[in-house]
Amino acid sequence: MVENKTQKTIHNIIRGLLISLIFLVPVTFSTSFHTVFSEPKLIVLRFITVVILGLIGLKVFLDKKIFINKGPIQWFLLAMLVSAFLSTVFSAYPYSSFFGNYGRFIGLITWINLLLLPWLFWNYLSLRKWQNYAIYTFVITGTSLAIYGILQFFGIFQEAFNWSVSPSVRVFGTMGHANHFGAFLATTTVVSLFLILANKKHYVKALLILGVILQGITLFLTGSRGALLALLVAVLVCTIFVIVKHYGDLKKYFFRIVLALFFVATIIGGGLYIYSDQISKIPTIQRTTDTIEYIEQGYFPDRFSFWISTYQMFLDKPIIGHGLSTYRDVYNQYRRRDYRTQENDNMQDRITPEAAHNEYLNILATKGFLGFITFITLVIYVMAGVMTAVIKSKERKEYYYEIAILGALTVFLVQVFFSFGVVSTYTTFFIFVGLAALRFEHRHKIITKKLNSITQLLLVILLIFAASYLAYYSVKEALMDYYYQRSAKGLAESRPHEAITMLKKASLQRPGEYYIHNELANEAIKASTIEWMTVTDQTQFIETALSEYQIALSINDSHPSTFYNYGVALLNASETYSSPQYFNDAIASFDMALQKAPNNPLYPFQIGLTLTKNEPDLAIEYFEKALQIQQDYLDTNLRLKQLKSLE
């Protein structure tokens, strides 16, 4: 296909934008948003996609024709999209499925965006030089973030938005969670490692080696065992291909290779012995030791509990699942009594997992067997294709580029067995899917189709509509998250009126977002108990809380915490208005909380605490329910004994 000047300019802009995604998505975060590490990355992903769709529309308008690349990859991607669409249509909570659960926002809209990525790379990066630019951009990004992570570990750039673990214990970089940061670094490390073999220039080799060292150090500092295992598996897989390819050369230098390996093993072994105390404090080593001790004490690792619960979810809705992005909505009904965290502070009772910590099981639970099989067939097709390309490759440099792509895909597929995909890791994975397809799908299957005026107009309108809606939706979501952050700031600075005003503004951006209405109600009920509030303000806040809880429950009635908090608000209203109806409604709401979380002792315990002062007989009933779920739960036995002694 011969490009004219306009086509070439548009293509180059699109190519440049696609390359920029590789760097901008992982590095972007902002404390102006409540989801510091999620929403900013999605803004970058979506708005670059909007610009690209606009440029494609402009090209169609100017050329009056389209260029269609025919190849199987597009059908695999389309199959995944169809399964996601069906999972959304028949979802238990369609709103969650369409927009994505708050915090992750990986609903149908984001999935459409993600699945567009390999298609765009496959269509617009046909030139090898652009593919190589993309691969090296990953290396530059990984090395840059590794340096950032090391500095963060030593107290530099420790922003005031730490994850639940300090970066001095587990580095989380620009991704908010050490596991996801580790997954990205494992990907760029394996790519960097095999690019060393692809280059003959000594200064490039030296820079790549430095990058591998920095990325490897930071990977250990994340404490992500899944990411480290994924890197080791990827290196092993790629090394097997290299050995098979260069078996003759290896045979020739066998003695030297064995001697070199022995020398390296001796140095590593000696270092492990001499610095054993320091090594034991490395996050990855320390976490592994703690887990082994935890299991030896007879506890069940939390991930195993997640996995069993998730498998039961799948069995209940095996075909299309409970709905895209509904794991958090559905989980409490399947929560097991053996779910524990290693912190031994009952933290597990106060949180609801956002995913299964195994992406394969997560897909089965939320998208069913249909979603699982479309994902697996895409994986098999791409992995088989890139492996075939590696085997058939004759040019040394291109061979190692293909090996690097194989390694990157392997890292993701292994790592998500112990974790789950987020916007940064999913973006990386799907970009490599596109780069892989470019290596094994033939490029001569390009069809030029002229468009009549009506078809051209309809296609341009469709592209403009898609780009406009994505931009509009992204702005509304960003404003919602921005106002939520303003609210959190107001609360931190003891300005409850401002905080609640900001939450109301947030709710106006996305009126159907359960989470914002729930948080607005929570903060209103807290504000109603502040001593310096006027009676009028306290009453107004109680009414706001009751109203917002009702809205939240009408949108999504799956969360036990909402029913519990609504019950507390109703009790407050009962005392304020001296109304027995509010009291009866509060007990009904408490009972709904127990129905939504039948295996969580926290809710009957909290309800018992709430009723202890004014309704001791009822409190006894709820404390006993807590003990039926878990013996010796917190100080339930002591409180129960005290209440019974008063009878």
# chains A, B, ... in the order shown; residues from 1 in each chain; ligands from 1
>>> select_by_dssp(residues="range 375-467 of chain A", states="helix (DSSP H, G or I)", output="number ranges by chain")
A: 375-392, 396-415, 423-440, 453-467
>>> residues_around(residues="Thr188 in chain A", least_positions_apart="5", cutoff="8 Å", atoms="only C-alpha atoms", output="MDAnalysis selection string")
chainID A and resid 138:139 142:143 215 408
>>> write_last_selection(atoms="N, CA and C atoms", output="mmCIF file, in the first residue's frame")
data_model
loop_
_atom_site.group_PDB
_atom_site.id
_atom_site.type_symbol
_atom_site.label_atom_id
_atom_site.label_comp_id
_atom_site.auth_asym_id
_atom_site.auth_seq_id
_atom_site.Cartn_x
_atom_site.Cartn_y
_atom_site.Cartn_z
ATOM 1 N N PHE A 138 9.159 0.265 26.077
ATOM 2 C CA PHE A 138 8.911 -0.530 27.281
ATOM 3 C C PHE A 138 10.156 -0.595 28.155
ATOM 4 N N VAL A 139 11.312 -0.805 27.520
ATOM 5 C CA VAL A 139 12.570 -0.906 28.263
ATOM 6 C C VAL A 139 12.879 0.409 28.976
ATOM 7 N N GLY A 142 10.409 0.826 31.889
ATOM 8 C CA GLY A 142 10.725 -0.062 33.007
ATOM 9 C C GLY A 142 11.937 0.401 33.786
ATOM 10 N N THR A 143 12.987 0.838 33.079
ATOM 11 C CA THR A 143 14.204 1.307 33.749
ATOM 12 C C THR A 143 13.928 2.588 34.532
ATOM 13 N N GLN A 215 16.005 -2.940 37.233
ATOM 14 C CA GLN A 215 14.661 -3.508 37.258
ATOM 15 C C GLN A 215 14.603 -4.729 38.173
ATOM 16 N N ALA A 408 7.489 -11.446 27.408
ATOM 17 C CA ALA A 408 6.556 -10.477 27.993
ATOM 18 C C ALA A 408 5.165 -11.079 28.159
#
>>> residues_around(residues="Ile147 in chain A", least_positions_apart="3", cutoff="8 Å", atoms="only C-alpha atoms", output="list of chain:residue names")
A:Thr143, A:Ser144, A:Ile150, A:Leu151, A:Leu214, A:Gln215, A:Thr218
>>> write_last_selection(atoms="all heavy atoms", output="PDB file, in the first residue's frame")
ATOM      1  N   THR A 143      12.987   0.838  33.079  1.00  0.00           N
ATOM      2  CA  THR A 143      14.204   1.307  33.749  1.00  0.00           C
ATOM      3  C   THR A 143      13.928   2.588  34.532  1.00  0.00           C
ATOM      4  O   THR A 143      14.381   2.742  35.678  1.00  0.00           O
ATOM      5  CB  THR A 143      15.322   1.548  32.718  1.00  0.00           C
ATOM      6  OG1 THR A 143      15.541   0.346  31.968  1.00  0.00           O
ATOM      7  CG2 THR A 143      16.614   1.951  33.404  1.00  0.00           C
ATOM      8  N   SER A 144      13.170   3.486  33.935  1.00  0.00           N
ATOM      9  CA  SER A 144      12.836   4.750  34.615  1.00  0.00           C
ATOM     10  C   SER A 144      12.045   4.497  35.892  1.00  0.00           C
ATOM     11  O   SER A 144      12.322   5.083  36.949  1.00  0.00           O
ATOM     12  CB  SER A 144      12.031   5.656  33.673  1.00  0.00           C
ATOM     13  OG  SER A 144      12.753   5.939  32.489  1.00  0.00           O
ATOM     14  N   ILE A 150      13.373   2.506  43.452  1.00  0.00           N
ATOM     15  CA  ILE A 150      14.516   2.443  44.375  1.00  0.00           C
ATOM     16  C   ILE A 150      14.566   3.698  45.240  1.00  0.00           C
ATOM     17  O   ILE A 150      14.772   3.632  46.455  1.00  0.00           O
ATOM     18  CB  ILE A 150      15.833   2.258  43.591  1.00  0.00           C
ATOM     19  CG1 ILE A 150      15.864   0.863  42.952  1.00  0.00           C
ATOM     20  CG2 ILE A 150      17.044   2.439  44.508  1.00  0.00           C
ATOM     21  CD1 ILE A 150      16.996   0.666  41.961  1.00  0.00           C
ATOM     22  N   LEU A 151      14.365   4.845  44.623  1.00  0.00           N
ATOM     23  CA  LEU A 151      14.344   6.102  45.374  1.00  0.00           C
ATOM     24  C   LEU A 151      13.195   6.108  46.385  1.00  0.00           C
ATOM     25  O   LEU A 151      13.346   6.564  47.524  1.00  0.00           O
ATOM     26  CB  LEU A 151      14.209   7.285  44.418  1.00  0.00           C
ATOM     27  CG  LEU A 151      15.407   7.541  43.495  1.00  0.00           C
ATOM     28  CD1 LEU A 151      15.077   8.634  42.482  1.00  0.00           C
ATOM     29  CD2 LEU A 151      16.650   7.925  44.296  1.00  0.00           C
ATOM     30  N   LEU A 214      18.817  -2.734  37.455  1.00  0.00           N
ATOM     31  CA  LEU A 214      17.931  -1.818  38.187  1.00  0.00           C
ATOM     32  C   LEU A 214      16.523  -2.384  38.319  1.00  0.00           C
ATOM     33  O   LEU A 214      15.906  -2.335  39.400  1.00  0.00           O
ATOM     34  CB  LEU A 214      17.886  -0.463  37.475  1.00  0.00           C
ATOM     35  CG  LEU A 214      19.178   0.366  37.509  1.00  0.00           C
ATOM     36  CD1 LEU A 214      19.061   1.563  36.573  1.00  0.00           C
ATOM     37  CD2 LEU A 214      19.477   0.836  38.927  1.00  0.00           C
ATOM     38  N   GLN A 215      16.005  -2.940  37.233  1.00  0.00           N
ATOM     39  CA  GLN A 215      14.661  -3.508  37.258  1.00  0.00           C
ATOM     40  C   GLN A 215      14.603  -4.729  38.173  1.00  0.00           C
ATOM     41  O   GLN A 215      13.618  -4.930  38.902  1.00  0.00           O
ATOM     42  CB  GLN A 215      14.227  -3.877  35.841  1.00  0.00           C
ATOM     43  CG  GLN A 215      13.992  -2.665  34.949  1.00  0.00           C
ATOM     44  CD  GLN A 215      13.894  -3.032  33.480  1.00  0.00           C
ATOM     45  OE1 GLN A 215      12.936  -3.656  33.067  1.00  0.00           O
ATOM     46  NE2 GLN A 215      14.883  -2.645  32.685  1.00  0.00           N
ATOM     47  N   THR A 218      14.587  -3.556  41.861  1.00  0.00           N
ATOM     48  CA  THR A 218      13.283  -3.001  42.248  1.00  0.00           C
ATOM     49  C   THR A 218      12.218  -4.089  42.315  1.00  0.00           C
ATOM     50  O   THR A 218      11.331  -4.043  43.177  1.00  0.00           O
ATOM     51  CB  THR A 218      12.859  -1.902  41.260  1.00  0.00           C
ATOM     52  OG1 THR A 218      13.933  -0.989  41.081  1.00  0.00           O
ATOM     53  CG2 THR A 218      11.652  -1.141  41.783  1.00  0.00           C
TER      54      THR A 218
END
>>> closest_atom_pairs(of="range 349-392 of chain A", to="range 75-93 of chain A", cutoff="8 Å", atoms="only C-alpha atoms", output="JSON lines")
{"residue": "A:Thr366", "atom": "CA", "partner": "A:Ser87", "partner_atom": "CA", "distance": 7.4}
{"residue": "A:Lys367", "atom": "CA", "partner": "A:Ser87", "partner_atom": "CA", "distance": 5.5}
{"residue": "A:Gly368", "atom": "CA", "partner": "A:Ser87", "partner_atom": "CA", "distance": 7.9}
{"residue": "A:Leu370", "atom": "CA", "partner": "A:Ser83", "partner_atom": "CA", "distance": 6.2}
{"residue": "A:Gly371", "atom": "CA", "partner": "A:Ser83", "partner_atom": "CA", "distance": 5.1}
{"residue": "A:Thr374", "atom": "CA", "partner": "A:Met80", "partner_atom": "CA", "distance": 5.3}
{"residue": "A:Phe375", "atom": "CA", "partner": "A:Met80", "partner_atom": "CA", "distance": 6.3}
{"residue": "A:Thr377", "atom": "CA", "partner": "A:Phe76", "partner_atom": "CA", "distance": 7.4}
{"residue": "A:Leu378", "atom": "CA", "partner": "A:Phe76", "partner_atom": "CA", "distance": 5.5}
>>> write_last_selection(atoms="N, CA, C and O atoms", output="mmCIF file, in the first residue's frame")
data_model
loop_
_atom_site.group_PDB
_atom_site.id
_atom_site.type_symbol
_atom_site.label_atom_id
_atom_site.label_comp_id
_atom_site.auth_asym_id
_atom_site.auth_seq_id
_atom_site.Cartn_x
_atom_site.Cartn_y
_atom_site.Cartn_z
ATOM 1 N N THR A 366 -16.934 -14.098 36.660
ATOM 2 C CA THR A 366 -17.634 -12.896 36.193
ATOM 3 C C THR A 366 -18.121 -12.989 34.744
ATOM 4 O O THR A 366 -19.150 -12.413 34.395
ATOM 5 N N LYS A 367 -17.384 -13.728 33.893
ATOM 6 C CA LYS A 367 -17.785 -13.848 32.483
ATOM 7 C C LYS A 367 -18.117 -15.276 32.075
ATOM 8 O O LYS A 367 -18.466 -15.528 30.923
ATOM 9 N N GLY A 368 -18.005 -16.191 33.021
ATOM 10 C CA GLY A 368 -18.405 -17.559 32.759
ATOM 11 C C GLY A 368 -17.480 -18.297 31.807
ATOM 12 O O GLY A 368 -16.421 -17.811 31.406
ATOM 13 N N LEU A 370 -17.989 -18.974 28.755
ATOM 14 C CA LEU A 370 -17.912 -18.302 27.454
ATOM 15 C C LEU A 370 -16.781 -17.275 27.444
ATOM 16 O O LEU A 370 -15.973 -17.225 26.510
ATOM 17 N N GLY A 371 -16.715 -16.452 28.483
ATOM 18 C CA GLY A 371 -15.639 -15.462 28.562
ATOM 19 C C GLY A 371 -14.286 -16.106 28.719
ATOM 20 O O GLY A 371 -13.291 -15.654 28.140
ATOM 21 N N THR A 374 -13.066 -17.683 25.330
ATOM 22 C CA THR A 374 -12.633 -16.678 24.342
ATOM 23 C C THR A 374 -11.269 -16.105 24.712
ATOM 24 O O THR A 374 -10.447 -15.830 23.832
ATOM 25 N N PHE A 375 -11.025 -15.942 26.010
ATOM 26 C CA PHE A 375 -9.718 -15.448 26.449
ATOM 27 C C PHE A 375 -8.632 -16.494 26.202
ATOM 28 O O PHE A 375 -7.559 -16.187 25.665
ATOM 29 N N THR A 377 -8.597 -19.037 24.085
ATOM 30 C CA THR A 377 -8.330 -19.269 22.662
ATOM 31 C C THR A 377 -7.481 -18.144 22.076
ATOM 32 O O THR A 377 -6.610 -18.400 21.237
ATOM 33 N N LEU A 378 -7.710 -16.909 22.520
ATOM 34 C CA LEU A 378 -6.851 -15.805 22.086
ATOM 35 C C LEU A 378 -5.412 -16.055 22.551
ATOM 36 O O LEU A 378 -4.466 -15.899 21.763
#
>>> closest_residue(among="A:Ala506, A:Leu618, A:Ala626, A:Val44", to="Lys644 in chain A", atoms="only C-alpha atoms")
A:Leu618
>>> closest_atom_pairs(of="range 21-134 of chain A", to="range 178-186 of chain A", cutoff="12 Å", atoms="only C-alpha atoms", output="Markdown table")
| residue | atom | partner | partner_atom | distance |
| --- | --- | --- | --- | --- |
| A:Ile22 | CA | A:Phe184 | CA | 11.3 |
| A:Phe23 | CA | A:Phe184 | CA | 11.7 |
| A:Val25 | CA | A:Phe184 | CA | 11.4 |
| A:Pro26 | CA | A:Phe184 | CA | 8.3 |
| A:Val27 | CA | A:Phe181 | CA | 10.5 |
| A:Phe37 | CA | A:His180 | CA | 11.0 |
| A:Ser38 | CA | A:His180 | CA | 11.8 |
>>> write_last_selection(atoms="all heavy atoms", output="compact mmCIF listing (two decimals), in the first residue's frame")
# COMPACT_ATOMS: atom_id res chain seq x y z
N ILE A 22 2.56 3.49 25.74
CA ILE A 22 3.43 2.54 26.43
C ILE A 22 4.11 3.20 27.62
O ILE A 22 4.26 2.58 28.69
CB ILE A 22 4.48 1.98 25.45
CG1 ILE A 22 3.78 1.19 24.34
CG2 ILE A 22 5.52 1.13 26.17
CD1 ILE A 22 4.70 0.79 23.21
N PHE A 23 4.49 4.45 27.46
CA PHE A 23 5.18 5.17 28.54
C PHE A 23 4.19 5.84 29.49
O PHE A 23 4.33 5.75 30.71
CB PHE A 23 6.12 6.21 27.94
CG PHE A 23 6.86 7.02 28.97
CD1 PHE A 23 7.99 6.50 29.60
CD2 PHE A 23 6.44 8.29 29.33
CE1 PHE A 23 8.67 7.22 30.56
CE2 PHE A 23 7.11 9.03 30.29
CZ PHE A 23 8.24 8.50 30.90
N VAL A 25 0.84 5.47 30.25
CA VAL A 25 -0.08 4.73 31.12
C VAL A 25 0.60 4.26 32.40
O VAL A 25 0.10 4.50 33.50
CB VAL A 25 -0.75 3.57 30.36
CG1 VAL A 25 -1.51 2.66 31.34
CG2 VAL A 25 -1.72 4.10 29.31
N PRO A 26 1.76 3.59 32.33
CA PRO A 26 2.39 3.14 33.58
C PRO A 26 2.86 4.27 34.50
O PRO A 26 2.79 4.14 35.72
CB PRO A 26 3.59 2.30 33.10
CG PRO A 26 3.30 1.96 31.69
CD PRO A 26 2.51 3.11 31.15
N VAL A 27 3.36 5.37 33.92
CA VAL A 27 3.99 6.39 34.77
C VAL A 27 2.98 7.37 35.36
O VAL A 27 3.29 8.05 36.35
CB VAL A 27 5.07 7.18 34.00
CG1 VAL A 27 6.10 6.25 33.40
CG2 VAL A 27 4.47 8.07 32.92
N PHE A 37 -4.01 6.02 41.44
CA PHE A 37 -3.28 5.24 40.44
C PHE A 37 -4.17 4.65 39.34
O PHE A 37 -3.66 4.08 38.39
CB PHE A 37 -2.52 4.10 41.12
CG PHE A 37 -1.53 4.58 42.14
CD1 PHE A 37 -1.84 4.56 43.49
CD2 PHE A 37 -0.29 5.07 41.76
CE1 PHE A 37 -0.93 5.01 44.44
CE2 PHE A 37 0.62 5.52 42.70
CZ PHE A 37 0.30 5.49 44.04
N SER A 38 -5.48 4.75 39.47
CA SER A 38 -6.38 4.15 38.48
C SER A 38 -6.92 5.17 37.49
O SER A 38 -6.68 5.07 36.28
CB SER A 38 -7.54 3.44 39.18
OG SER A 38 -7.08 2.36 39.96
>>> residues_around(residues="range 416-420 of chain A", least_positions_apart="4", cutoff="7 Å", atoms="only C-alpha atoms", output="number ranges by chain")
A: 226, 355, 357-360, 412
>>> closest_residue(among="A:Tyr124, A:Phe583, A:Phe194, A:Tyr469", to="Gly434 in chain A", atoms="only C-alpha atoms")
A:Tyr124
>>> closest_residue(among="A:Leu236, A:Ile607, A:Val190, A:Ala573", to="Met592 in chain A", atoms="only C-alpha atoms")
A:Ile607
>>> residues_around(residues="Tyr102 in chain A", least_positions_apart="6", cutoff="12 Å", atoms="only C-alpha atoms", output="PyMOL selection string")
chain A and resi 34-35+38-39+95-96+325-329+354+477-478+480-481+484+510+512-519
>>> closest_residue(among="A:Thr612, A:Asn69, A:Thr428, A:Thr310", to="Ala134 in chain A", atoms="only C-alpha atoms")
A:Thr428
>>> residues_around(residues="Ile14 in chain A", least_positions_apart="6", cutoff="10 Å", atoms="only C-alpha atoms", output="PyMOL selection string")
chain A and resi 8+20+48-49+51-53+55-56+120-121+124-125
>>> write_last_selection(atoms="N, CA and C atoms", output="PDB file, in the first residue's frame")
ATOM      1  N   LYS A   8       0.288   9.451   5.217  1.00  0.00           N
ATOM      2  CA  LYS A   8       1.514   9.191   5.970  1.00  0.00           C
ATOM      3  C   LYS A   8       1.573  10.030   7.241  1.00  0.00           C
ATOM      4  N   SER A  20       3.327   6.460  22.638  1.00  0.00           N
ATOM      5  CA  SER A  20       3.256   7.260  23.870  1.00  0.00           C
ATOM      6  C   SER A  20       2.460   6.553  24.963  1.00  0.00           C
ATOM      7  N   ILE A  48      -6.141   9.316  24.599  1.00  0.00           N
ATOM      8  CA  ILE A  48      -5.316   8.987  23.430  1.00  0.00           C
ATOM      9  C   ILE A  48      -6.138   8.162  22.443  1.00  0.00           C
ATOM     10  N   THR A  49      -6.970   7.265  22.949  1.00  0.00           N
ATOM     11  CA  THR A  49      -7.855   6.484  22.081  1.00  0.00           C
ATOM     12  C   THR A  49      -8.840   7.397  21.360  1.00  0.00           C
ATOM     13  N   VAL A  51      -8.408  10.547  20.492  1.00  0.00           N
ATOM     14  CA  VAL A  51      -7.694  11.264  19.429  1.00  0.00           C
ATOM     15  C   VAL A  51      -7.439  10.341  18.241  1.00  0.00           C
ATOM     16  N   ILE A  52      -7.055   9.095  18.528  1.00  0.00           N
ATOM     17  CA  ILE A  52      -6.795   8.145  17.440  1.00  0.00           C
ATOM     18  C   ILE A  52      -8.068   7.873  16.642  1.00  0.00           C
ATOM     19  N   LEU A  53      -9.196   7.661  17.335  1.00  0.00           N
ATOM     20  CA  LEU A  53     -10.464   7.442  16.633  1.00  0.00           C
ATOM     21  C   LEU A  53     -10.833   8.656  15.781  1.00  0.00           C
ATOM     22  N   LEU A  55      -8.706  10.753  14.411  1.00  0.00           N
ATOM     23  CA  LEU A  55      -7.797  10.762  13.253  1.00  0.00           C
ATOM     24  C   LEU A  55      -8.210   9.721  12.216  1.00  0.00           C
ATOM     25  N   ILE A  56      -8.676   8.569  12.686  1.00  0.00           N
ATOM     26  CA  ILE A  56      -9.162   7.557  11.742  1.00  0.00           C
ATOM     27  C   ILE A  56     -10.384   8.078  10.996  1.00  0.00           C
ATOM     28  N   LEU A 120      -5.317  -1.787  16.969  1.00  0.00           N
ATOM     29  CA  LEU A 120      -4.661  -0.564  16.501  1.00  0.00           C
ATOM     30  C   LEU A 120      -3.178  -0.796  16.241  1.00  0.00           C
ATOM     31  N   PHE A 121      -2.503  -1.485  17.150  1.00  0.00           N
ATOM     32  CA  PHE A 121      -1.085  -1.774  16.938  1.00  0.00           C
ATOM     33  C   PHE A 121      -0.897  -2.656  15.708  1.00  0.00           C
ATOM     34  N   TYR A 124      -1.501  -0.328  12.573  1.00  0.00           N
ATOM     35  CA  TYR A 124      -0.734   0.896  12.317  1.00  0.00           C
ATOM     36  C   TYR A 124       0.760   0.778  12.607  1.00  0.00           C
ATOM     37  N   LEU A 125       1.207  -0.338  13.143  1.00  0.00           N
ATOM     38  CA  LEU A 125       2.645  -0.493  13.373  1.00  0.00           C
ATOM     39  C   LEU A 125       3.223  -1.618  12.510  1.00  0.00           C
TER      40      LEU A 125
END
>>> residues_around(residues="Phe98 in chain A", least_positions_apart="5", cutoff="7 Å", atoms="only C-alpha atoms", output="list in words")
Thr88, Gly107, Leu108 and Ile109 of chain A
>>> decode(residues="range 48-75 of chain A", atoms="C-alpha atoms", output="CSV table (one decimal), in the first residue's frame")
chain,number,residue,atom,x,y,z
A,48,ILE,CA,-5.3,9.0,23.4
A,49,THR,CA,-7.9,6.5,22.1
A,50,VAL,CA,-10.3,9.4,21.5
A,51,VAL,CA,-7.7,11.3,19.4
A,52,ILE,CA,-6.8,8.1,17.4
A,53,LEU,CA,-10.5,7.4,16.6
A,54,GLY,CA,-10.8,11.1,15.5
A,55,LEU,CA,-7.8,10.8,13.3
A,56,ILE,CA,-9.2,7.6,11.7
A,57,GLY,CA,-12.5,9.3,11.1
A,58,LEU,CA,-10.6,12.2,9.5
A,59,LYS,CA,-8.7,9.8,7.3
A,60,VAL,CA,-11.9,8.1,6.1
A,61,PHE,CA,-13.4,11.5,5.4
A,62,LEU,CA,-10.4,12.6,3.3
A,63,ASP,CA,-9.7,9.3,1.5
A,64,LYS,CA,-13.3,8.2,0.9
A,65,LYS,CA,-12.1,4.6,1.4
A,66,ILE,CA,-10.9,2.3,4.2
A,67,PHE,CA,-8.0,-0.1,4.4
A,68,ILE,CA,-9.0,-3.4,6.0
A,69,ASN,CA,-6.3,-5.7,7.4
A,70,LYS,CA,-7.7,-9.2,7.2
A,71,GLY,CA,-6.4,-11.7,9.8
A,72,PRO,CA,-7.6,-14.1,12.5
A,73,ILE,CA,-6.5,-11.9,15.4
A,74,GLN,CA,-9.4,-9.6,14.9
A,75,TRP,CA,-11.9,-12.4,15.2
